[in-house]
>>> print(open('query.pdb').read())   # PDB, C-alpha atoms
ATOM      1  CA  MET J   1      39.080 -18.316 -75.592
ATOM      2  CA  LEU J   2      37.184 -21.520 -76.022
ATOM      3  CA  SER J   3      36.494 -21.553 -72.275
ATOM      4  CA  ARG J   4      34.977 -18.089 -72.575
ATOM      5  CA  VAL J   5      32.668 -19.375 -75.324
ATOM      6  CA  VAL J   6      31.662 -22.258 -73.115
ATOM      7  CA  PHE J   7      30.965 -19.909 -70.203
ATOM      8  CA  SER J   8      28.844 -17.578 -72.294
ATOM      9  CA  ALA J   9      26.924 -20.540 -73.738
ATOM     10  CA  ALA J  10      26.332 -21.901 -70.250
ATOM     11  CA  ALA J  11      25.210 -18.479 -69.021
ATOM     12  CA  ALA J  12      22.868 -18.070 -71.968
ATOM     13  CA  ALA J  13      21.467 -21.573 -71.481
ATOM     14  CA  ALA J  14      20.819 -21.196 -67.756
ATOM     15  CA  PRO J  15      20.398 -17.541 -66.771
ATOM     16  CA  CYS J  16      19.175 -18.504 -63.313
ATOM     17  CA  LEU J  17      22.501 -20.242 -62.642
ATOM     18  CA  LYS J  18      24.382 -17.067 -63.534
ATOM     19  CA  ASN J  19      22.270 -15.013 -61.169
ATOM     20  CA  ALA J  20      22.683 -17.593 -58.431
ATOM     21  CA  ALA J  21      26.449 -17.437 -58.843
ATOM     22  CA  LEU J  22      26.361 -13.663 -58.564
ATOM     23  CA  LEU J  23      24.126 -13.673 -55.483
ATOM     24  CA  GLY J  24      25.678 -16.693 -53.766
ATOM     25  CA  PRO J  25      28.117 -15.007 -51.398
ATOM     26  CA  GLY J  26      25.559 -12.316 -50.508
ATOM     27  CA  ILE J  27      22.912 -14.882 -49.586
ATOM     28  CA  LEU J  28      25.362 -16.856 -47.475
ATOM     29  CA  GLN J  29      26.313 -13.759 -45.520
ATOM     30  CA  ALA J  30      22.689 -12.781 -44.982
ATOM     31  CA  THR J  31      21.713 -16.112 -43.392
ATOM     32  CA  ARG J  32      24.740 -16.612 -41.172
ATOM     33  CA  ILE J  33      23.597 -17.097 -37.571
ATOM     34  CA  PHE J  34      25.568 -15.471 -34.789
ATOM     35  CA  HIS J  35      25.964 -17.942 -31.938
ATOM     36  CA  THR J  36      26.034 -16.046 -28.682
ATOM     37  CA  GLY J  37      25.852 -19.074 -26.436
ATOM     38  CA  ARG J  38      22.686 -18.099 -24.583
ATOM     39  CA  PRO J  39      19.302 -16.874 -25.841
ATOM     40  CA  SER J  40      18.906 -13.118 -25.557
ATOM     41  CA  LEU J  41      16.342 -11.809 -23.102
ATOM     42  CA  ALA J  42      15.120  -8.925 -25.249
ATOM     43  CA  PRO J  43      12.367  -7.975 -25.737
ATOM     44  CA  VAL J  44      11.569  -8.273 -22.038
ATOM     45  CA  PRO J  45       8.121  -9.824 -21.436
ATOM     46  CA  PRO J  46       5.608  -7.450 -19.829
ATOM     47  CA  LEU J  47       4.876  -7.608 -16.106
ATOM     48  CA  PRO J  48       1.941  -9.798 -15.069
ATOM     49  CA  GLU J  49      -1.188  -7.903 -14.074
ATOM     50  CA  HIS J  50      -1.894  -9.540 -10.735
ATOM     51  CA  GLY J  51       0.279 -11.574  -8.425
ATOM     52  CA  GLY J  52      -0.392 -15.116  -7.283
ATOM     53  CA  LYS J  53      -3.761 -15.410  -5.612
ATOM     54  CA  VAL J  54      -3.695 -15.521  -1.825
ATOM     55  CA  ARG J  55      -6.531 -16.255   0.586
ATOM     56  CA  LEU J  56      -6.904 -14.449   3.906
ATOM     57  CA  GLY J  57      -3.842 -12.461   2.838
ATOM     58  CA  LEU J  58      -1.581 -15.219   4.108
ATOM     59  CA  ILE J  59      -2.116 -18.579   2.453
ATOM     60  CA  PRO J  60      -1.504 -19.056  -1.288
ATOM     61  CA  GLU J  61      -4.307 -20.436  -3.385
ATOM     62  CA  GLU J  62      -2.188 -23.419  -4.403
ATOM     63  CA  PHE J  63      -2.604 -24.912  -0.914
ATOM     64  CA  PHE J  64      -6.372 -24.846  -1.234
ATOM     65  CA  GLN J  65      -6.211 -26.420  -4.688
ATOM     66  CA  PHE J  66      -3.831 -29.058  -3.369
ATOM     67  CA  LEU J  67      -6.319 -30.184  -0.699
ATOM     68  CA  TYR J  68      -9.447 -29.795  -2.821
ATOM     69  CA  PRO J  69      -9.533 -33.296  -4.418
ATOM     70  CA  LYS J  70      -9.301 -35.047  -1.062
ATOM     71  CA  THR J  71     -11.270 -32.834   1.306
ATOM     72  CA  GLY J  72     -13.428 -30.525  -0.793
ATOM     73  CA  VAL J  73     -13.895 -26.820  -0.168
ATOM     74  CA  THR J  74     -13.926 -26.763   3.639
ATOM     75  CA  GLY J  75     -10.831 -28.930   4.050
ATOM     76  CA  PRO J  76      -8.204 -26.241   4.580
ATOM     77  CA  TYR J  77     -10.474 -24.213   6.888
ATOM     78  CA  VAL J  78     -11.168 -27.238   9.071
ATOM     79  CA  LEU J  79      -7.463 -27.987   9.067
ATOM     80  CA  GLY J  80      -6.708 -24.405  10.129
ATOM     81  CA  THR J  81      -9.300 -24.479  12.905
ATOM     82  CA  GLY J  82      -8.030 -27.821  14.158
ATOM     83  CA  LEU J  83      -4.454 -26.624  14.177
ATOM     84  CA  ILE J  84      -5.347 -23.446  16.073
ATOM     85  CA  LEU J  85      -7.293 -25.388  18.711
ATOM     86  CA  TYR J  86      -4.469 -27.899  19.004
ATOM     87  CA  PHE J  87      -1.875 -25.183  19.531
ATOM     88  CA  LEU J  88      -4.046 -23.466  22.115
ATOM     89  CA  SER J  89      -4.956 -26.571  24.051
ATOM     90  CA  LYS J  90      -1.475 -28.035  24.121
ATOM     91  CA  GLU J  91      -0.101 -24.551  24.826
ATOM     92  CA  ILE J  92       2.314 -24.679  21.960
ATOM     93  CA  TYR J  93       1.053 -21.136  21.531
ATOM     94  CA  VAL J  94       1.120 -19.543  25.000
ATOM     95  CA  ILE J  95      -1.428 -16.850  25.832
ATOM     96  CA  THR J  96       0.446 -14.017  27.482
ATOM     97  CA  ALA J  97      -0.015 -10.256  27.769
ATOM     98  CA  GLU J  98       1.487  -9.878  24.327
ATOM     99  CA  THR J  99      -1.347 -11.907  22.848
ATOM    100  CA  PHE J 100      -3.815  -9.072  23.458
ATOM    101  CA  SER J 101      -1.494  -6.415  22.043
ATOM    102  CA  ALA J 102      -0.952  -8.661  19.019
ATOM    103  CA  ILE J 103      -4.713  -9.080  18.581
ATOM    104  CA  SER J 104      -5.313  -5.323  18.714
ATOM    105  CA  THR J 105      -2.410  -4.585  16.360
ATOM    106  CA  ILE J 106      -3.519  -7.143  13.804
ATOM    107  CA  GLY J 107      -7.116  -5.976  14.101
ATOM    108  CA  LEU J 108      -6.073  -2.414  13.434
ATOM    109  CA  LEU J 109      -3.958  -3.464  10.439
ATOM    110  CA  ILE J 110      -6.811  -5.461   8.952
ATOM    111  CA  TYR J 111      -9.177  -2.514   9.434
ATOM    112  CA  VAL J 112      -6.798  -0.091   7.740
ATOM    113  CA  VAL J 113      -6.106  -2.458   4.847
ATOM    114  CA  LYS J 114      -9.765  -3.185   4.259
ATOM    115  CA  LYS J 115     -10.781   0.461   4.367
ATOM    116  CA  TYR J 116      -7.958   2.234   2.545
ATOM    117  CA  GLY J 117      -6.399  -0.562   0.518
ATOM    118  CA  ALA J 118      -8.125   0.227  -2.763
ATOM    119  CA  SER J 119      -7.389   3.961  -2.689
ATOM    120  CA  ILE J 120      -3.736   3.414  -1.848
ATOM    121  CA  GLY J 121      -3.539   0.947  -4.717
ATOM    122  CA  GLU J 122      -4.992   3.514  -7.107
ATOM    123  CA  PHE J 123      -2.553   6.142  -5.922
ATOM    124  CA  ALA J 124       0.374   3.809  -6.508
ATOM    125  CA  ASP J 125      -1.017   2.926  -9.928
ATOM    126  CA  LYS J 126      -1.195   6.600 -10.835
ATOM    127  CA  LEU J 127       2.442   7.136  -9.822
ATOM    128  CA  ASN J 128       3.439   4.162 -11.920
ATOM    129  CA  GLU J 129       1.493   5.450 -14.891
ATOM    130  CA  GLN J 130       3.213   8.827 -14.627
ATOM    131  CA  LYS J 131       6.609   7.185 -14.641
ATOM    132  CA  ILE J 132       5.712   5.032 -17.616
ATOM    133  CA  ALA J 133       4.276   8.024 -19.498
ATOM    134  CA  GLN J 134       7.518   9.945 -18.955
ATOM    135  CA  LEU J 135       9.627   7.098 -20.275
ATOM    136  CA  GLU J 136       7.248   6.605 -23.190
ATOM    137  CA  GLU J 137       7.623  10.309 -24.027
ATOM    138  CA  VAL J 138      11.382  10.027 -24.126
ATOM    139  CA  LYS J 139      11.115   6.958 -26.310
ATOM    140  CA  GLN J 140       8.713   8.627 -28.718
ATOM    141  CA  ALA J 141      10.896  11.728 -28.944
ATOM    142  CA  SER J 142      13.901   9.619 -29.769
ATOM    143  CA  ILE J 143      11.957   7.640 -32.383
ATOM    144  CA  LYS J 144      10.687  10.870 -33.951
ATOM    145  CA  GLN J 145      14.208  12.280 -34.098
ATOM    146  CA  ILE J 146      15.502   9.209 -35.857
ATOM    147  CA  GLN J 147      12.550   9.197 -38.232
ATOM    148  CA  ASP J 148      13.240  12.844 -39.139
ATOM    149  CA  ALA J 149      16.861  12.007 -39.814
ATOM    150  CA  ILE J 150      15.769   9.116 -42.054
ATOM    151  CA  ASP J 151      13.390  11.366 -43.999
ATOM    152  CA  MET J 152      16.058  13.996 -44.532
ATOM    153  CA  GLU J 153      18.470  11.327 -45.691
ATOM    154  CA  LYS J 154      15.909   9.989 -48.145
ATOM    155  CA  SER J 155      15.178  13.425 -49.559
ATOM    156  CA  GLN J 156      18.886  14.070 -49.997
ATOM    157  CA  GLN J 157      19.237  10.767 -51.815
ATOM    158  CA  ALA J 158      16.384  11.744 -54.102
ATOM    159  CA  LEU J 159      18.144  15.034 -54.830
ATOM    160  CA  VAL J 160      21.316  13.183 -55.694
ATOM    161  CA  HIS J 161      19.413  11.217 -58.314
ATOM    162  CA  LYS J 162      18.266  14.488 -59.902
ATOM    163  CA  ARG J 163      21.687  16.123 -60.231
ATOM    164  CA  HIS J 164      22.048  14.968 -63.845
ATOM    165  CA  TYR J 165      19.649  17.781 -64.736
ATOM    166  CA  LEU J 166      22.243  20.234 -63.461
ATOM    167  CA  PHE J 167      24.945  18.665 -65.593
ATOM    168  CA  ASP J 168      22.676  18.644 -68.654
ATOM    169  CA  VAL J 169      22.021  22.352 -68.254
ATOM    170  CA  GLN J 170      25.703  23.075 -67.889
ATOM    171  CA  ARG J 171      26.515  20.955 -70.902
ATOM    172  CA  ASN J 172      23.893  22.744 -72.981
ATOM    173  CA  ASN J 173      25.243  26.120 -71.889
ATOM    174  CA  ILE J 174      28.765  25.201 -72.903
ATOM    175  CA  ALA J 175      27.571  23.842 -76.254
ATOM    176  CA  MET J 176      25.694  27.073 -76.923
ATOM    177  CA  ALA J 177      28.709  29.181 -76.000
ATOM    178  CA  LEU J 178      30.942  27.124 -78.277
ATOM    179  CA  GLU J 179      28.446  27.428 -81.129
ATOM    180  CA  LEU J 180      28.249  31.178 -80.535
ATOM    181  CA  THR J 181      32.009  31.733 -80.657
ATOM    182  CA  TYR J 182      32.267  29.485 -83.721
ATOM    183  CA  ARG J 183      29.670  31.499 -85.590
ATOM    184  CA  GLU J 184      31.179  34.765 -84.450
ATOM    185  CA  ARG J 185      34.600  33.779 -85.734
ATOM    186  CA  LEU J 186      33.099  32.443 -88.965
ATOM    187  CA  HIS J 187      31.403  35.779 -89.518
ATOM    188  CA  ARG J 188      34.623  37.612 -88.729
ATOM    189  CA  VAL J 189      36.578  35.483 -91.194
ATOM    190  CA  TYR J 190      33.950  36.149 -93.813
ATOM    191  CA  LYS J 191      34.126  39.869 -93.120
ATOM    192  CA  GLU J 192      37.924  39.956 -93.307
ATOM    193  CA  VAL J 193      38.056  37.973 -96.509
ATOM    194  CA  LYS J 194      35.363  40.162 -98.003
ATOM    195  CA  ASN J 195      37.308  43.221 -96.886
ATOM    196  CA  ARG J 196      40.471  42.051 -98.622
ATOM    197  CA  LEU J 197      38.588  41.100-101.786
ATOM    198  CA  ASP J 198      36.773  44.428-101.733
ATOM    199  CA  TYR J 199      40.103  46.194-101.409
ATOM    200  CA  HIS J 200      41.493  44.370-104.409
ATOM    201  CA  ILE J 201      38.327  45.020-106.395
ATOM    202  CA  SER J 202      38.343  48.680-105.547
ATOM    203  CA  VAL J 203      42.064  48.887-106.420
ATOM    204  CA  GLN J 204      41.323  47.261-109.763
ATOM    205  CA  ASN J 205      38.395  49.572-110.321
ATOM    206  CA  MET J 206      40.508  52.563-109.573
ATOM    207  CA  MET J 207      43.297  51.419-111.882
ATOM    208  CA  SER J 208      40.872  50.826-114.713
ATOM    209  CA  LEU J 209      39.220  54.187-114.050
ATOM    210  CA  LYS J 210      42.539  55.913-114.016
ATOM    211  CA  SER J 211      43.619  54.243-117.253
ATOM    212  CA  LYS J 212      40.301  55.138-118.868
ATOM    213  CA  SER J 213      40.485  58.739-117.705
ATOM    214  CA  ARG J 214      44.089  59.166-119.010
ATOM    215  CA  GLN J 215      43.080  58.095-122.491
TER     216      GLN J 215
ATOM    217  CA  MET C   1      15.585 -49.603  -8.114
ATOM    218  CA  ALA C   2      15.285 -48.523 -11.705
ATOM    219  CA  SER C   3      14.030 -45.080 -10.703
ATOM    220  CA  VAL C   4      17.301 -44.146  -8.972
ATOM    221  CA  ILE C   5      18.813 -43.258 -12.324
ATOM    222  CA  GLN C   6      16.732 -40.148 -12.825
ATOM    223  CA  VAL C   7      16.074 -39.334  -9.176
ATOM    224  CA  LYS C   8      18.191 -36.190  -8.992
ATOM    225  CA  GLU C   9      16.213 -34.155 -11.498
ATOM    226  CA  LYS C  10      12.761 -34.996 -10.092
ATOM    227  CA  LYS C  11      10.791 -32.425  -8.192
ATOM    228  CA  LEU C  12       9.574 -33.019  -4.652
ATOM    229  CA  MET C  13       6.097 -34.110  -5.654
ATOM    230  CA  ASP C  14       7.362 -36.824  -8.008
ATOM    231  CA  VAL C  15       9.766 -38.475  -5.610
ATOM    232  CA  GLN C  16       8.549 -41.694  -4.040
ATOM    233  CA  LEU C  17       8.536 -41.812  -0.272
ATOM    234  CA  GLY C  18      11.141 -44.553  -0.071
ATOM    235  CA  GLU C  19      13.651 -42.653  -2.163
ATOM    236  CA  LEU C  20      13.442 -39.469  -0.112
ATOM    237  CA  PRO C  21      16.754 -39.883   1.778
ATOM    238  CA  SER C  22      18.677 -40.734  -1.363
ATOM    239  CA  TRP C  23      17.016 -37.832  -3.188
ATOM    240  CA  ILE C  24      18.067 -35.415  -0.461
ATOM    241  CA  LEU C  25      21.592 -36.791  -0.464
ATOM    242  CA  MET C  26      21.804 -36.203  -4.212
ATOM    243  CA  TRP C  27      21.770 -32.430  -3.785
ATOM    244  CA  ASP C  28      25.144 -30.733  -3.884
ATOM    245  CA  PHE C  29      25.875 -28.912  -0.663
ATOM    246  CA  THR C  30      28.566 -26.579  -1.921
ATOM    247  CA  PRO C  31      28.226 -22.974  -0.680
ATOM    248  CA  LYS C  32      27.832 -21.765  -4.237
ATOM    249  CA  SER C  33      24.864 -23.998  -4.957
ATOM    250  CA  ILE C  34      23.273 -23.182  -1.595
ATOM    251  CA  ALA C  35      23.568 -19.485  -2.405
ATOM    252  CA  GLY C  36      22.138 -20.241  -5.826
ATOM    253  CA  ALA C  37      19.204 -22.039  -4.255
ATOM    254  CA  PHE C  38      18.489 -19.073  -1.981
ATOM    255  CA  GLN C  39      18.687 -16.695  -4.928
ATOM    256  CA  ARG C  40      16.366 -18.845  -7.016
ATOM    257  CA  GLY C  41      13.856 -19.088  -4.167
ATOM    258  CA  TYR C  42      13.975 -15.340  -3.610
ATOM    259  CA  TYR C  43      13.392 -14.592  -7.272
ATOM    260  CA  ARG C  44      10.578 -17.099  -7.488
ATOM    261  CA  TYR C  45       8.757 -15.435  -4.609
ATOM    262  CA  TYR C  46       9.586 -11.932  -5.805
ATOM    263  CA  ASN C  47       8.406 -12.482  -9.360
ATOM    264  CA  LYS C  48       5.226 -14.196  -8.277
ATOM    265  CA  TYR C  49       3.950 -11.875  -5.557
ATOM    266  CA  VAL C  50       5.814  -8.549  -5.617
ATOM    267  CA  ASN C  51       6.987  -7.731  -9.136
ATOM    268  CA  VAL C  52       3.517  -7.315 -10.649
ATOM    269  CA  LYS C  53       1.538  -4.347 -11.861
ATOM    270  CA  LYS C  54      -1.186  -4.552  -9.213
ATOM    271  CA  GLY C  55       0.330  -6.242  -6.200
ATOM    272  CA  GLY C  56      -1.686  -6.543  -3.036
ATOM    273  CA  ILE C  57      -0.950  -6.922   0.631
ATOM    274  CA  ALA C  58      -0.080 -10.593   0.078
ATOM    275  CA  GLY C  59       3.493 -10.039  -1.052
ATOM    276  CA  MET C  60       4.533  -8.304   2.128
ATOM    277  CA  SER C  61       2.177  -9.937   4.632
ATOM    278  CA  MET C  62       3.468 -13.441   3.916
ATOM    279  CA  VAL C  63       7.014 -12.319   4.623
ATOM    280  CA  LEU C  64       5.957 -10.646   7.875
ATOM    281  CA  ALA C  65       3.964 -13.686   8.980
ATOM    282  CA  ALA C  66       6.952 -15.933   8.310
ATOM    283  CA  TYR C  67       9.155 -13.537  10.324
ATOM    284  CA  VAL C  68       6.695 -13.573  13.245
ATOM    285  CA  LEU C  69       6.598 -17.372  13.213
ATOM    286  CA  PHE C  70      10.374 -17.611  13.070
ATOM    287  CA  ASN C  71      10.803 -15.315  16.082
ATOM    288  CA  TYR C  72       8.126 -17.174  18.038
ATOM    289  CA  CYS C  73       9.949 -20.444  17.465
ATOM    290  CA  ARG C  74      13.144 -18.789  18.656
ATOM    291  CA  CYS C  75      11.554 -17.535  21.896
ATOM    292  CA  TYR C  76       9.509 -20.663  22.647
ATOM    293  CA  LYS C  77      11.951 -21.954  25.187
ATOM    294  CA  GLU C  78      11.541 -18.874  27.423
ATOM    295  CA  LEU C  79       7.785 -18.719  26.780
ATOM    296  CA  LYS C  80       7.301 -22.245  28.098
ATOM    297  CA  HIS C  81       7.709 -20.883  31.627
ATOM    298  CA  GLU C  82       4.660 -18.637  31.178
ATOM    299  CA  GLN C  83       2.265 -21.480  30.451
ATOM    300  CA  LEU C  84      -1.038 -21.261  32.346
ATOM    301  CA  ARG C  85      -1.238 -24.928  33.171
ATOM    302  CA  LYS C  86       1.469 -27.426  33.913
ATOM    303  CA  TYR C  87      -0.111 -30.543  32.436
ATOM    304  CA  HIS C  88      -1.831 -30.569  29.080
TER     305      HIS C  88
END
>>> encode(input="query.pdb", output="structure tokens")
Amino acid sequence: MLSRVVFSAAAAAAPCLKNAALLGPGILQATRIFHTGRPSLAPVPPLPEHGGKVRLGLIPEEFFQFLYPKTGVTGPYVLGTGLILYFLSKEIYVITAETFSAISTIGLLIYVVKKYGASIGEFADKLNEQKIAQLEEVKQASIKQIQDAIDMEKSQQALVHKRHYLFDVQRNNIAMALELTYRERLHRVYKEVKNRLDYHISVQNMMSLKSKSRQ
Amino acid sequence: MASVIQVKEKKLMDVQLGELPSWILMWDFTPKSIAGAFQRGYYRYYNKYVNVKKGGIAGMSMVLAAYVLFNYCRCYKELKHEQLRKYH
């Protein structure tokens, strides 16, 4: 009993301590970190807009930047020209009949890419956008569904808070009915008692009348 | 050679010229790590040039150019007979 007094005194003296003791386990559980061993990859980062820059369609920009401090802007082009001349003169690249077919094929490819590249890119972009719009629709529909469920849940919770009105009404009804039956029975008792008393009075009256009339 | 201690984790550009053989020997040549290296290289190329919103011709053309070069190197031995001049 003394310990209880001490506890209550301590609680009264330091109310924050009491609250901390009540909330302690809850706070510990809320901040526990789940170690999964590797960082999760969600949310996935968005795709980059453009790929790595490439010059002449073949050589990445990093090569040009690599040679820029030593040779300036024309360095890689001079290097390319020198290499091509070297291969041709030393016949490391042999000119055969296939060379001409290769030249015409590559020329045709470059012509097609230069002329229709942009429009094909736009077409592909439109297809992509359609796909993304479809997926976005599905996502939005699912979000809306869940939001509707949440709203219904909230409204039902609000209703649950109001059900004490129902009980109050029922309680009042029962109290009124009880009061009614009580008063009814009271009135009935009064009537019965009055009936009996009236009977006795009327009997007395009659007896006295009879005795008076006989005299 | 105080720099040998951390040689394995250096990239190609940071390795000194003298340590190149030892740096190459430090790689592990197990099949699993070779496959891993191929996979990493593939994904590096794929994520840089192909897996973008507005890719261009570069992603595919570099692969085709590399394929053309590889086949030319393979056929060079037979092509040497078709050279126009004997002495260069």
>>> atom_distance(input="query.pdb", atom1="CA of Gly55 (chain C)", atom2="CA of Glu49 (chain J)")
8.2 Å
>>> resolve_selection(input="query.pdb", expression="the PyMOL selection byres ((chain J) within 7 of (chain C))", output="list in words")
Leu47, Pro48, Glu49, His50, Gly51, Gly52, Val54, Gly57, Leu58, Lys90, Glu91 and Val94 of chain J
>>> atom_distance(input="query.pdb", atom1="CA of Gly80 (chain J)", atom2="CA of Gln65 (chain J)")
15.0 Å
>>> atom_distance(input="query.pdb", atom1="CA of Asn172 (chain J)", atom2="CA of Arg188 (chain J)")
24.2 Å
>>> decode(input="query.pdb", residues="region 79-88 of chain J", atoms="all heavy atoms", output="CSV table (one decimal), in the first residue's frame")
chain,number,residue,atom,x,y,z
J,79,LEU,N,42.6,12.4,-86.7
J,79,LEU,CA,42.9,11.0,-86.4
J,79,LEU,C,42.2,10.1,-87.3
J,79,LEU,O,42.7,9.1,-87.8
J,79,LEU,CB,42.6,10.7,-84.9
J,79,LEU,CG,42.9,9.3,-84.4
J,79,LEU,CD1,44.4,9.0,-84.5
J,79,LEU,CD2,42.4,9.1,-83.0
J,80,GLY,N,40.8,10.3,-87.4
J,80,GLY,CA,40.0,9.4,-88.3
J,80,GLY,C,40.5,9.4,-89.7
J,80,GLY,O,40.6,8.4,-90.3
J,81,THR,N,40.8,10.7,-90.2
J,81,THR,CA,41.2,10.7,-91.6
J,81,THR,C,42.5,10.0,-91.8
J,81,THR,O,42.7,9.2,-92.8
J,81,THR,CB,41.4,12.2,-92.0
J,81,THR,OG1,40.2,12.9,-91.6
J,81,THR,CG2,41.7,12.3,-93.5
J,82,GLY,N,43.5,10.2,-90.8
J,82,GLY,CA,44.8,9.5,-90.9
J,82,GLY,C,44.6,8.0,-90.9
J,82,GLY,O,45.3,7.3,-91.7
J,83,LEU,N,43.7,7.6,-90.0
J,83,LEU,CA,43.6,6.1,-89.9
J,83,LEU,C,43.0,5.5,-91.2
J,83,LEU,O,43.4,4.5,-91.7
J,83,LEU,CB,42.6,5.8,-88.8
J,83,LEU,CG,43.3,5.7,-87.4
J,83,LEU,CD1,42.2,5.4,-86.3
J,83,LEU,CD2,44.3,4.6,-87.4
J,84,ILE,N,42.0,6.3,-91.8
J,84,ILE,CA,41.4,5.8,-93.0
J,84,ILE,C,42.4,5.7,-94.2
J,84,ILE,O,42.6,4.7,-94.9
J,84,ILE,CB,40.2,6.7,-93.4
J,84,ILE,CG1,39.1,6.4,-92.5
J,84,ILE,CG2,39.8,6.4,-94.8
J,84,ILE,CD1,37.9,7.3,-92.7
J,85,LEU,N,43.2,6.8,-94.3
J,85,LEU,CA,44.3,6.8,-95.3
J,85,LEU,C,45.3,5.7,-95.1
J,85,LEU,O,45.7,5.0,-96.1
J,85,LEU,CB,44.9,8.1,-95.4
J,85,LEU,CG,44.0,9.3,-95.9
J,85,LEU,CD1,44.8,10.6,-95.8
J,85,LEU,CD2,43.7,9.0,-97.3
J,86,TYR,N,45.6,5.5,-93.8
J,86,TYR,CA,46.6,4.4,-93.5
J,86,TYR,C,46.1,3.1,-93.9
J,86,TYR,O,46.8,2.3,-94.5
J,86,TYR,CB,46.9,4.5,-92.0
J,86,TYR,CG,47.7,3.3,-91.5
J,86,TYR,CD1,49.1,3.1,-91.9
J,86,TYR,CD2,47.2,2.4,-90.6
J,86,TYR,CE1,49.8,2.1,-91.4
J,86,TYR,CE2,47.9,1.4,-90.1
J,86,TYR,CZ,49.2,1.2,-90.5
J,86,TYR,OH,49.9,0.1,-90.1
J,87,PHE,N,44.8,2.8,-93.5
J,87,PHE,CA,44.2,1.5,-93.9
J,87,PHE,C,44.2,1.3,-95.4
J,87,PHE,O,44.4,0.2,-95.9
J,87,PHE,CB,42.9,1.3,-93.3
J,87,PHE,CG,42.9,1.1,-91.8
J,87,PHE,CD1,41.9,1.7,-91.0
J,87,PHE,CD2,43.9,0.5,-91.2
J,87,PHE,CE1,41.9,1.5,-89.6
J,87,PHE,CE2,44.0,0.3,-89.8
J,87,PHE,CZ,43.0,0.8,-89.0
J,88,LEU,N,43.9,2.4,-96.1
J,88,LEU,CA,43.7,2.2,-97.6
J,88,LEU,C,45.1,2.0,-98.2
J,88,LEU,O,45.2,1.2,-99.1
J,88,LEU,CB,43.1,3.5,-98.1
J,88,LEU,CG,41.5,3.5,-98.0
J,88,LEU,CD1,41.0,4.8,-98.5
J,88,LEU,CD2,40.9,2.4,-98.7
